[in-house]
$ cat upload_32.txt   # compact mmCIF, C-alpha atoms and all ligand atoms
# COMPACT_ATOMS: atom_id res chain seq x y z
CA MET A 1 0.00 0.00 0.00
CA LYS A 2 1.34 3.45 -0.96
CA ILE A 3 0.26 6.44 1.07
CA LEU A 4 0.64 10.10 0.22
CA VAL A 5 1.15 12.35 3.25
CA VAL A 6 0.24 16.00 2.77
CA ASN A 7 0.98 18.95 5.06
CA CYS A 8 -0.52 22.19 3.72
CA GLY A 9 0.43 25.66 4.87
CA SER A 10 -1.05 28.92 3.62
CA SER A 11 1.37 29.22 0.70
CA SER A 12 3.30 25.99 0.95
CA LEU A 13 2.74 22.26 0.76
CA LYS A 14 5.00 19.43 1.95
CA TYR A 15 4.46 15.86 0.82
CA GLN A 16 5.88 12.37 1.15
CA LEU A 17 4.92 9.21 -0.68
CA ILE A 18 5.56 6.19 1.54
CA ASN A 19 5.51 2.53 0.59
CA MET A 20 3.89 0.90 3.62
CA GLU A 21 5.08 -2.61 2.70
CA ASN A 22 8.42 -1.69 4.30
CA GLU A 23 7.68 1.88 5.44
CA SER A 24 10.18 3.22 2.92
CA LEU A 25 10.12 6.70 1.48
CA LEU A 26 9.51 6.77 -2.28
CA ALA A 27 9.64 10.53 -2.78
CA LYS A 28 9.22 13.74 -0.89
CA GLY A 29 8.97 17.36 -1.79
CA LEU A 30 7.95 20.88 -1.09
CA VAL A 31 5.85 23.39 -2.99
CA GLU A 32 6.49 27.02 -2.12
CA ARG A 33 4.90 30.35 -3.02
CA ILE A 34 1.50 28.89 -3.94
CA GLY A 35 -0.67 31.73 -5.24
CA ILE A 36 2.32 34.07 -5.31
CA GLU A 37 4.62 34.92 -8.20
CA GLY A 38 7.54 32.48 -8.41
CA SER A 39 5.70 29.27 -7.42
CA VAL A 40 8.13 26.39 -7.30
CA LEU A 41 8.05 22.64 -6.64
CA THR A 42 11.15 20.85 -5.33
CA HIS A 43 10.65 17.13 -5.86
CA LYS A 44 13.07 14.53 -4.47
CA PRO A 45 12.60 10.94 -5.62
CA GLU A 46 14.50 8.45 -3.39
CA GLY A 47 17.89 7.54 -4.78
CA LYS A 48 17.69 10.13 -7.56
CA ASP A 49 18.61 13.79 -7.87
CA LYS A 50 16.06 16.37 -6.87
CA VAL A 51 14.21 18.29 -9.55
CA VAL A 52 13.12 21.90 -9.27
CA ILE A 53 10.01 22.75 -11.26
CA GLU A 54 9.12 26.41 -11.58
CA HIS A 55 5.54 26.75 -12.70
CA PRO A 56 2.75 29.23 -11.91
CA MET A 57 0.31 27.80 -9.32
CA LYS A 58 -2.70 29.93 -8.56
CA ASP A 59 -3.96 27.73 -5.74
CA HIS A 60 -3.41 24.48 -3.80
CA LYS A 61 -5.29 22.46 -6.42
CA ASP A 62 -2.72 23.54 -9.01
CA ALA A 63 0.02 22.58 -6.54
CA ILE A 64 -1.39 19.09 -5.86
CA LYS A 65 -1.86 18.57 -9.60
CA LEU A 66 1.83 19.36 -10.14
CA VAL A 67 2.84 17.05 -7.28
CA LEU A 68 0.81 14.20 -8.80
CA ASP A 69 2.38 14.89 -12.21
CA ALA A 70 5.85 14.78 -10.62
CA LEU A 71 5.09 11.51 -8.80
CA THR A 72 3.94 9.87 -12.04
CA ASP A 73 6.46 11.50 -14.40
CA LYS A 74 8.34 9.17 -16.77
CA ASN A 75 11.76 10.45 -15.68
CA HIS A 76 11.59 11.58 -12.06
CA GLY A 77 8.35 9.84 -11.04
CA VAL A 78 8.15 6.90 -8.61
CA ILE A 79 4.76 5.41 -9.56
CA SER A 80 3.26 4.79 -12.98
CA ASP A 81 -0.25 5.91 -12.17
CA MET A 82 -2.13 7.95 -9.56
CA SER A 83 -4.30 4.91 -8.83
CA GLU A 84 -1.29 3.39 -7.04
CA ILE A 85 -1.89 5.88 -4.21
CA SER A 86 -4.20 3.96 -1.87
CA ALA A 87 -4.97 6.84 0.48
CA VAL A 88 -3.94 10.34 1.48
CA GLY A 89 -3.08 11.28 5.07
CA HIS A 90 -3.48 14.97 5.89
CA ARG A 91 -1.86 16.76 8.77
CA VAL A 92 -4.53 18.89 10.43
CA VAL A 93 -3.41 21.18 13.23
CA HIS A 94 -6.55 21.48 15.33
CA GLY A 95 -9.16 18.83 16.03
CA GLY A 96 -10.65 20.66 19.00
CA GLU A 97 -12.28 18.43 21.61
CA LYS A 98 -13.97 16.33 18.95
CA TYR A 99 -11.07 14.14 17.92
CA SER A 100 -8.79 12.12 20.13
CA SER A 101 -7.52 10.05 17.22
CA SER A 102 -7.16 10.20 13.45
CA ILE A 103 -10.28 9.94 11.33
CA LEU A 104 -11.55 9.08 7.83
CA ILE A 105 -12.71 12.31 6.20
CA ASP A 106 -16.29 12.61 4.92
CA ASP A 107 -18.60 15.58 4.36
CA ASP A 108 -19.75 15.69 7.99
CA ILE A 109 -16.16 15.62 9.22
CA MET A 110 -15.31 18.50 6.88
CA LYS A 111 -18.04 20.57 8.56
CA VAL A 112 -16.59 19.88 12.01
CA LEU A 113 -13.08 20.71 10.77
CA GLU A 114 -14.38 24.02 9.48
CA GLU A 115 -15.79 24.73 12.95
CA CYS A 116 -12.36 23.94 14.43
CA SER A 117 -10.84 26.66 12.21
CA ARG A 118 -12.14 29.19 14.73
CA LEU A 119 -9.59 27.76 17.20
CA ALA A 120 -6.68 27.76 14.73
CA PRO A 121 -7.39 30.52 12.21
CA LEU A 122 -3.85 30.50 10.82
CA HIS A 123 -3.38 26.76 10.50
CA ASN A 124 -6.64 24.89 9.90
CA PRO A 125 -7.93 26.82 6.85
CA PRO A 126 -4.89 25.91 4.68
CA ASN A 127 -5.14 22.29 5.92
CA LEU A 128 -8.76 22.20 4.72
CA ILE A 129 -7.87 23.82 1.40
CA GLY A 130 -5.34 20.99 0.92
CA ILE A 131 -7.94 18.33 1.68
CA ASN A 132 -10.43 19.88 -0.75
CA ALA A 133 -7.78 20.16 -3.46
CA CYS A 134 -6.88 16.46 -3.08
CA LYS A 135 -10.55 15.45 -3.04
CA ALA A 136 -11.11 17.33 -6.29
CA LEU A 137 -8.24 15.57 -8.04
CA MET A 138 -8.60 12.14 -6.39
CA PRO A 139 -12.34 11.82 -5.75
CA ASN A 140 -12.21 8.07 -5.14
CA THR A 141 -9.13 7.98 -2.91
CA PRO A 142 -9.82 7.81 0.84
CA MET A 143 -8.56 10.79 2.86
CA VAL A 144 -7.62 10.68 6.54
CA ALA A 145 -7.10 13.60 8.94
CA VAL A 146 -4.35 13.27 11.56
CA PHE A 147 -4.52 15.97 14.22
CA ASP A 148 -1.69 17.69 16.10
CA THR A 149 -4.01 18.03 19.07
CA ALA A 150 -5.42 14.48 19.20
CA PHE A 151 -2.72 12.81 21.32
CA HIS A 152 -3.22 15.38 24.07
CA GLN A 153 -6.97 14.81 24.39
CA SER A 154 -6.17 12.31 27.16
CA MET A 155 -5.06 15.11 29.53
CA PRO A 156 -7.05 15.22 32.76
CA ASP A 157 -9.29 18.27 33.28
CA TYR A 158 -7.06 19.70 36.02
CA ALA A 159 -4.21 19.82 33.48
CA TYR A 160 -6.14 21.30 30.57
CA MET A 161 -8.33 23.83 32.38
CA TYR A 162 -7.20 27.43 32.86
CA ALA A 163 -8.37 29.16 36.03
CA LEU A 164 -10.56 31.57 34.09
CA PRO A 165 -14.34 31.83 34.52
CA TYR A 166 -15.75 28.42 33.62
CA GLU A 167 -18.17 29.98 31.11
CA LEU A 168 -15.23 30.96 28.88
CA TYR A 169 -14.43 27.28 28.44
CA GLU A 170 -18.09 26.49 27.73
CA LYS A 171 -18.66 29.42 25.41
CA TYR A 172 -15.36 29.67 23.52
CA GLY A 173 -13.62 26.38 24.19
CA ILE A 174 -10.77 28.15 26.00
CA ARG A 175 -8.59 25.37 27.47
CA ARG A 176 -5.22 23.73 26.85
CA TYR A 177 -5.22 21.64 23.68
CA GLY A 178 -1.52 21.06 23.05
CA PHE A 179 0.19 20.52 19.70
CA HIS A 180 2.99 18.42 18.11
CA GLY A 181 0.94 15.42 19.29
CA THR A 182 1.94 13.21 16.37
CA SER A 183 5.60 13.75 17.19
CA HIS A 184 5.21 13.22 20.96
CA ARG A 185 3.25 10.02 20.25
CA TYR A 186 5.85 8.70 17.78
CA VAL A 187 8.95 9.32 19.91
CA SER A 188 7.36 8.15 23.18
CA LYS A 189 6.52 4.83 21.52
CA ILE A 190 10.13 4.39 20.40
CA ALA A 191 11.41 5.40 23.85
CA ALA A 192 9.32 2.63 25.44
CA GLU A 193 10.79 0.14 22.96
CA GLN A 194 14.28 1.35 23.85
CA LEU A 195 13.51 0.97 27.54
CA GLY A 196 12.39 -2.58 26.75
CA LYS A 197 9.12 -1.94 28.56
CA ASP A 198 5.44 -1.92 27.73
CA ILE A 199 4.53 1.73 27.12
CA LYS A 200 1.63 1.16 29.53
CA ASP A 201 4.26 1.02 32.32
CA CYS A 202 6.36 4.03 31.33
CA LYS A 203 6.81 7.60 32.49
CA ILE A 204 8.31 9.51 29.57
CA ILE A 205 9.01 13.20 29.06
CA THR A 206 9.28 14.13 25.38
CA CYS A 207 10.97 17.40 24.37
CA HIS A 208 10.14 18.44 20.79
CA LEU A 209 12.61 21.28 20.27
CA GLY A 210 12.39 22.84 16.82
CA ASN A 211 11.40 26.29 15.64
CA GLY A 212 8.19 25.56 17.50
CA ALA A 213 8.89 23.71 20.74
CA SER A 214 6.89 21.80 23.30
CA VAL A 215 7.32 19.27 26.09
CA ALA A 216 4.85 16.49 26.93
CA ALA A 217 4.38 14.22 29.93
CA VAL A 218 3.49 10.77 28.60
CA LEU A 219 2.26 8.50 31.38
CA ASN A 220 1.54 4.88 30.47
CA GLY A 221 1.34 5.79 26.78
CA LYS A 222 -1.04 8.71 27.23
CA SER A 223 -0.31 12.44 27.20
CA VAL A 224 -1.21 13.80 30.64
CA ASP A 225 0.20 17.30 30.20
CA THR A 226 1.94 19.43 27.59
CA SER A 227 3.46 22.88 27.46
CA MET A 228 1.60 24.35 24.48
CA GLY A 229 -1.88 25.48 25.35
CA PHE A 230 -4.92 27.06 23.76
CA THR A 231 -2.55 28.01 20.94
CA PRO A 232 1.03 27.01 20.07
CA LEU A 233 2.27 30.19 21.81
CA GLU A 234 2.33 28.91 25.39
CA GLY A 235 5.12 27.07 27.15
CA LEU A 236 8.73 26.96 26.00
CA VAL A 237 10.72 29.80 24.54
CA MET A 238 10.79 29.21 20.76
CA GLY A 239 12.50 30.60 17.65
CA THR A 240 10.25 33.66 17.54
CA ARG A 241 7.56 32.90 20.16
CA CYS A 242 7.74 34.02 23.77
CA GLY A 243 6.12 31.00 25.44
CA ASP A 244 4.98 31.55 29.05
CA ILE A 245 4.75 35.17 30.14
CA ASP A 246 2.68 37.03 32.71
CA PRO A 247 -0.65 37.53 30.87
CA ALA A 248 -0.84 41.06 32.32
CA ILE A 249 1.97 42.03 29.94
CA VAL A 250 -0.55 41.85 27.10
CA THR A 251 -2.84 44.56 28.48
CA PHE A 252 0.16 46.56 29.72
CA LEU A 253 1.53 46.72 26.17
CA GLN A 254 -1.89 47.70 24.85
CA ASP A 255 -2.33 50.46 27.45
CA GLU A 256 1.22 51.76 27.88
CA ALA A 257 2.81 51.10 24.49
CA ASN A 258 -0.42 51.72 22.56
CA LEU A 259 -0.14 48.48 20.65
CA SER A 260 -3.26 47.00 19.11
CA SER A 261 -4.21 43.40 19.90
CA LYS A 262 -2.87 42.42 16.46
CA GLU A 263 0.44 44.14 17.16
CA VAL A 264 0.83 42.48 20.55
CA ASN A 265 0.04 39.15 18.94
CA ASN A 266 2.67 39.83 16.30
CA VAL A 267 5.30 40.74 18.92
CA MET A 268 4.63 37.58 20.94
CA ASN A 269 4.50 35.23 17.94
CA LYS A 270 7.00 36.68 15.49
CA LYS A 271 9.42 38.98 17.33
CA SER A 272 10.07 37.22 20.61
CA GLY A 273 11.73 33.96 21.63
CA VAL A 274 15.44 33.54 21.01
CA LEU A 275 15.17 36.05 18.15
CA GLY A 276 13.71 38.73 20.39
CA LEU A 277 16.13 38.13 23.26
CA SER A 278 19.29 37.75 21.20
CA GLY A 279 18.53 40.17 18.38
CA VAL A 280 20.57 37.72 16.27
CA SER A 281 18.29 35.16 14.67
CA SER A 282 15.41 32.76 15.23
CA ASP A 283 17.64 29.92 14.08
CA PHE A 284 19.32 28.21 17.01
CA ARG A 285 22.45 27.51 14.97
CA ASP A 286 23.05 31.24 14.51
CA VAL A 287 22.32 31.95 18.17
CA GLU A 288 24.66 29.15 19.34
CA ASP A 289 27.40 30.51 17.04
CA ALA A 290 26.93 34.06 18.29
CA ALA A 291 26.98 32.94 21.93
CA ALA A 292 30.17 30.96 21.31
CA LYS A 293 31.75 34.14 19.92
CA GLY A 294 30.90 36.02 23.10
CA ASN A 295 27.57 37.67 22.24
CA LYS A 296 26.01 38.11 25.69
CA LYS A 297 22.41 38.51 24.55
CA ALA A 298 22.69 35.34 22.46
CA LYS A 299 24.01 33.49 25.52
CA LEU A 300 21.16 34.90 27.61
CA ALA A 301 18.59 33.78 25.01
CA LEU A 302 19.93 30.23 25.16
CA ASP A 303 20.10 30.27 28.96
CA VAL A 304 16.46 31.38 29.17
CA PHE A 305 15.52 28.68 26.65
CA TYR A 306 17.35 25.82 28.46
CA TYR A 307 16.12 26.92 31.87
CA ARG A 308 12.50 26.86 30.67
CA VAL A 309 12.85 23.33 29.24
CA LYS A 310 14.48 22.17 32.49
CA LYS A 311 11.65 23.64 34.57
CA TYR A 312 9.08 21.76 32.49
CA ILE A 313 11.01 18.50 32.87
CA GLY A 314 10.96 18.99 36.65
CA ALA A 315 7.28 19.85 36.60
CA TYR A 316 6.35 16.81 34.52
CA ALA A 317 8.44 14.47 36.66
CA ALA A 318 6.36 15.79 39.56
CA ALA A 319 3.11 15.42 37.58
CA MET A 320 3.86 11.76 36.83
CA GLY A 321 5.48 10.89 40.17
CA GLY A 322 8.80 10.16 38.46
CA VAL A 323 10.33 9.71 35.05
CA ASP A 324 11.91 6.72 33.27
CA ALA A 325 13.12 8.48 30.14
CA ILE A 326 13.60 11.93 28.67
CA VAL A 327 13.49 12.22 24.88
CA PHE A 328 14.95 14.98 22.72
CA THR A 329 13.64 15.37 19.19
CA ALA A 330 13.09 17.85 16.27
CA GLY A 331 15.64 20.22 14.71
CA LEU A 332 17.39 21.41 17.85
CA GLY A 333 16.73 18.34 20.02
CA GLU A 334 18.20 16.05 17.37
CA ASN A 335 21.11 18.21 16.29
CA SER A 336 22.40 20.16 19.25
CA PRO A 337 24.51 18.29 21.84
CA GLU A 338 24.71 21.57 23.72
CA ALA A 339 20.92 21.90 24.02
CA ARG A 340 20.58 18.36 25.42
CA TYR A 341 23.50 18.81 27.80
CA GLU A 342 22.50 22.24 29.11
CA THR A 343 18.87 21.18 29.57
CA CYS A 344 19.80 18.11 31.62
CA LYS A 345 22.57 19.79 33.60
CA GLY A 346 21.45 20.08 37.20
CA LEU A 347 18.90 17.28 36.93
CA GLU A 348 21.29 14.77 38.55
CA PHE A 349 19.09 14.86 41.66
CA LEU A 350 16.34 13.25 39.53
CA GLY A 351 18.75 10.54 38.39
CA VAL A 352 19.62 12.14 35.03
CA LYS A 353 23.26 11.82 33.91
CA ILE A 354 24.32 12.74 30.38
CA ASP A 355 27.29 10.92 28.85
CA GLU A 356 29.20 13.74 27.17
CA GLU A 357 30.90 11.43 24.69
CA LYS A 358 27.73 9.61 23.62
CA ASN A 359 25.95 12.95 23.45
CA LYS A 360 28.26 14.16 20.63
CA VAL A 361 25.80 12.91 18.04
CA ARG A 362 23.34 14.36 15.55
CA GLY A 363 20.16 13.04 14.00
CA LYS A 364 20.55 9.38 14.99
CA LEU A 365 18.64 7.31 17.54
CA THR A 366 21.04 7.22 20.51
CA GLU A 367 20.95 6.70 24.26
CA VAL A 368 22.91 9.73 25.43
CA SER A 369 22.79 9.08 29.18
CA THR A 370 25.47 7.20 31.12
CA ALA A 371 25.07 3.47 31.76
CA ASP A 372 24.31 4.18 35.44
CA SER A 373 21.86 7.02 34.77
CA LYS A 374 18.62 6.07 36.54
CA VAL A 375 16.65 8.08 33.97
CA LYS A 376 17.50 7.22 30.37
CA VAL A 377 17.98 10.12 27.98
CA TYR A 378 17.44 9.50 24.28
CA LEU A 379 17.90 11.36 21.04
CA ILE A 380 15.06 10.05 18.87
CA PRO A 381 14.57 11.54 15.38
CA THR A 382 10.90 12.31 14.93
CA ASN A 383 8.94 11.18 11.88
CA GLU A 384 5.51 12.75 11.87
CA GLU A 385 4.94 11.79 8.23
CA LEU A 386 5.44 8.10 8.95
CA MET A 387 3.05 8.31 11.91
CA ILE A 388 0.45 9.99 9.65
CA ALA A 389 0.95 7.26 7.03
CA ARG A 390 0.58 4.51 9.65
CA ASP A 391 -2.64 6.00 11.00
CA THR A 392 -3.95 6.44 7.46
CA MET A 393 -3.21 2.83 6.58
CA ASP A 394 -4.82 1.51 9.80
CA ILE A 395 -7.99 3.52 9.19
CA VAL A 396 -8.27 2.65 5.51
CA ARG A 397 -7.76 -1.06 6.23
CA LYS A 398 -10.61 -1.00 8.74
P1 LIG B 1 10.01 23.34 12.60
O1 LIG B 1 9.53 22.01 12.04
O2 LIG B 1 9.29 23.77 13.83
O3 LIG B 1 10.18 24.42 11.59
P2 LIG B 1 12.53 21.94 12.98
O4 LIG B 1 12.20 20.78 13.83
O5 LIG B 1 12.86 21.70 11.55
O6 LIG B 1 11.49 23.10 13.15
O7 LIG B 1 13.76 22.67 13.68
C1 LIG B 1 14.35 23.78 13.06
C2 LIG B 1 15.36 24.39 14.01
O8 LIG B 1 16.31 23.38 14.44
C3 LIG B 1 16.20 25.42 13.31
O9 LIG B 1 15.61 26.68 13.41
C4 LIG B 1 17.47 25.38 14.06
O10 LIG B 1 17.39 26.37 15.05
C5 LIG B 1 17.53 24.03 14.74
N1 LIG B 1 18.66 23.25 14.25
C6 LIG B 1 18.74 22.49 13.14
N2 LIG B 1 19.98 21.96 13.02
C7 LIG B 1 20.70 22.42 14.06
C8 LIG B 1 22.05 22.24 14.51
N3 LIG B 1 22.91 21.50 13.83
N4 LIG B 1 22.42 22.86 15.64
C9 LIG B 1 21.56 23.61 16.33
N5 LIG B 1 20.30 23.82 15.96
C10 LIG B 1 19.86 23.24 14.86

$ encode --input "upload_32.txt" --output "structure tokens" --more "lines below"
Ligand code: ADP
Amino acid sequence: MKILVVNCGSSSLKYQLINMENESLLAKGLVERIGIEGSVLTHKPEGKDKVVIEHPMKDHKDAIKLVLDALTDKNHGVISDMSEISAVGHRVVHGGEKYSSSILIDDDIMKVLEECSRLAPLHNPPNLIGINACKALMPNTPMVAVFDTAFHQSMPDYAYMYALPYELYEKYGIRRYGFHGTSHRYVSKIAAEQLGKDIKDCKIITCHLGNGASVAAVLNGKSVDTSMGFTPLEGLVMGTRCGDIDPAIVTFLQDEANLSSKEVNNVMNKKSGVLGLSGVSSDFRDVEDAAAKGNKKAKLALDVFYYRVKKYIGAYAAAMGGVDAIVFTAGLGENSPEARYETCKGLEFLGVKIDEEKNKVRGKLTEVSTADSKVKVYLIPTNEELMIARDTMDIVRK
């Protein structure tokens, strides 16, 4: 069975075609500048050179059409006909409180997904546009939605409720939802395998540290808390997002700095995080380089970032009554020995001991703790696309 995984942004589209017989990647690619001048598709068939196709694309349907053409092309294609694609798995950011697992898409589901757009106005609408575009071009191919929020629907009410008037939850759905669920689910499963234990007997803290970053407490295979909240702004310091701040800062900025709600939102989402603190970049590589060269603000940005992750690890160990394993994943978690080391430094009292030699590794599944570390620390590369493909296959087979 071959499954196409699609992740649609407002002007971009990422895809992977996966052969589920052996879970191997057949091709992957990225479409950029959809609906903007200079639309381009970068298509990478496995084992062959990438091809860059510049072609006007007025909308996502044009983009999907071009992707399907590339996948079936005589020279750089990997399948002979579109009918070889058994199903399409779509990444959907927000499933609200409706979905605690992935789901086969039908007309009723589309209506609910449209309602969920209210909760994720930046992310869900492009996801839905992608689904509609695929449906138009592949009307007989089953489509599955895999939600970023679904894995966290198992959180207990005392973890997902904010101490705001209860009516705001009832009226607007204001609560913690959590994101990156597909990644937290994938790496926690692998961590349990590495521990050689049934995931139903594991206390795992997963740190997804990329441009967007979040931590999750995974108790017995279920998410019981996570750092992102009503939106992906809460929690850790990120590339450009502030994470946790005193909520009174929002009204202070409106009243004292005369910023509109849109402007405050823009500051918190786009101008804060390690970019805002360092003034250097939102990319951790640049900030690490600047700090190594003596830039004090860059060093401060990293210190604030590591300290926040460490605090969440401590909090989640408390929430679960202990921890068996800590996992680092995503761009920074997989590639920065420094980030893993600095985050775990000082957690020896919990039984966490990093092996500095083993920790000198990038992008490869590795146990980076010492042999006598009570808590195991792992680098586990995430693979959200594979998780989406697995869910899609399971649902289609049923
Ligand atoms: P997202 O999917 O949220 O865009 P990624 O998981 O791809 O993010 O992570 C991207 C981030 O990972 C980059 O912004 C960069 O800061 C960080 N990163 C990638 N490689 C390295 C590296 N070698 N050293 C330090 N940071 C890295």

$ residues_around --input "upload_32.txt" --residues "Ser102 of chain A" --least-positions-apart "4" --cutoff "8 Å" --atoms "all atoms listed in the file" --output "number ranges by chain"
A: 144-147, 150, 391-392, 395

$ closest_atom_pairs --input "upload_32.txt" --of "segment 82-163 of chain A" --to "segment 379-389 of chain A" --cutoff "12 Å" --atoms "all atoms listed in the file" --output "tab-separated table"
residue	atom	partner	partner_atom	distance
A:Ile85	CA	A:Ala389	CA	11.7
A:Ser86	CA	A:Ala389	CA	10.8
A:Ala87	CA	A:Ala389	CA	8.8
A:Val88	CA	A:Ala389	CA	8.0
A:Gly89	CA	A:Ile388	CA	5.9
A:His90	CA	A:Ile388	CA	7.4
A:Arg91	CA	A:Ile388	CA	7.2
A:Val92	CA	A:Ile388	CA	10.2
A:Ser101	CA	A:Ile388	CA	11.0
A:Ser102	CA	A:Ile388	CA	8.5
A:Ile103	CA	A:Ile388	CA	10.9
A:Met143	CA	A:Ala389	CA	11.0
A:Val144	CA	A:Ile388	CA	8.7
A:Ala145	CA	A:Ile388	CA	8.4
A:Val146	CA	A:Ile388	CA	6.1
A:Phe147	CA	A:Ile388	CA	9.0
A:Asp148	CA	A:Glu384	CA	9.7
A:Phe151	CA	A:Met387	CA	11.9

$ residues_near_point --input "upload_32.txt" --point "(-9.5, 25.0, 17.8)" --cutoff "12 Å" --atoms "all atoms listed in the file" --output "ChimeraX atom specification"
/A:92-99,112-125,147-150,169,172-179,229-232

$ atom_distance --input "upload_32.txt" --atom1 "atom CA of Glu342 of chain A" --atom2 "atom CA of Arg185 of chain A"
24.5 Å

$ residues_near_ligand --input "upload_32.txt" --ligand "ligand LIG 1 (chain B)" --cutoff "6 Å" --atoms "all atoms listed in the file" --output "MDAnalysis selection string"
chainID A and resid 210:212 283:285 330:332 335:336

$ write_last_selection --input "upload_32.txt" --atoms "C-alpha atoms" --output "short mmCIF file (atom, residue, chain, number, x, y, z; two decimals), in the frame of the given file"
data_model
loop_
_atom_site.label_atom_id
_atom_site.label_comp_id
_atom_site.auth_asym_id
_atom_site.auth_seq_id
_atom_site.Cartn_x
_atom_site.Cartn_y
_atom_site.Cartn_z
CA GLY A 210 12.39 22.84 16.82
CA ASN A 211 11.40 26.29 15.64
CA GLY A 212 8.19 25.56 17.50
CA ASP A 283 17.64 29.92 14.08
CA PHE A 284 19.32 28.21 17.01
CA ARG A 285 22.45 27.51 14.97
CA ALA A 330 13.09 17.85 16.27
CA GLY A 331 15.64 20.22 14.71
CA LEU A 332 17.39 21.41 17.85
CA ASN A 335 21.11 18.21 16.29
CA SER A 336 22.40 20.16 19.25
#

$ residues_around --input "upload_32.txt" --residues "Tyr378 of chain A" --least-positions-apart "4" --cutoff "9 Å" --atoms "all atoms listed in the file" --output "list in words"
Ala191, Gln194, Ala325, Ile326, Val327, Phe328, Thr329, Leu365, Thr366, Glu367, Val368 and Ser369 of chain A

$ closest_residue --input "upload_32.txt" --among "A:Ser281, A:Ser223, A:Ser11, A:Asn140" --to "His180 of chain A" --atoms "all atoms listed in the file"
A:Ser223

$ residues_around --input "upload_32.txt" --residues "Leu219 of chain A" --least-positions-apart "3" --cutoff "12 Å" --atoms "only C-alpha atoms" --output "PyMOL selection string"
chain A and resi 152+154-156+184-185+188-189+192+198-206+216+222-226+316-325

$ closest_residue --input "upload_32.txt" --among "A:Met82, A:Ile36, A:Glu167, A:Ile190" --to "Gly221 of chain A" --atoms "all atoms listed in the file"
A:Ile190

$ atom_distance --input "upload_32.txt" --atom1 "atom CA of Asn269 of chain A" --atom2 "atom CA of Val237 of chain A"
10.6 Å

$ atom_distance --input "upload_32.txt" --atom1 "atom CA of Ala27 of chain A" --atom2 "atom CA of Met393 of chain A"
17.7 Å

$ closest_residue --input "upload_32.txt" --among "A:Pro126, A:Met238, A:Ser39, A:Lys262" --to "Ser282 of chain A" --atoms "all atoms listed in the file"
A:Met238

$ closest_residue --input "upload_32.txt" --among "A:Leu41, A:Ala133, A:Val274, A:Val361" --to "Val67 of chain A" --atoms "all atoms listed in the file"
A:Leu41

$ closest_residue --input "upload_32.txt" --among "A:Thr42, A:Ser260, A:Asn19, A:Asn132" --to "Ile79 of chain A" --atoms "only C-alpha atoms"
A:Asn19

$ closest_residue --input "upload_32.txt" --among "A:Glu338, A:Asp394, A:Asp108, A:Asp69" --to "Tyr306 of chain A" --atoms "only C-alpha atoms"
A:Glu338

$ residues_near_point --input "upload_32.txt" --point "(3.8, 5.6, 1.1)" --cutoff "7 Å" --atoms "all atoms listed in the file" --output "list in words"
Met1, Lys2, Ile3, Leu4, Leu17, Ile18, Asn19, Met20, Glu23, Leu25, Leu26 and Ala389 of chain A
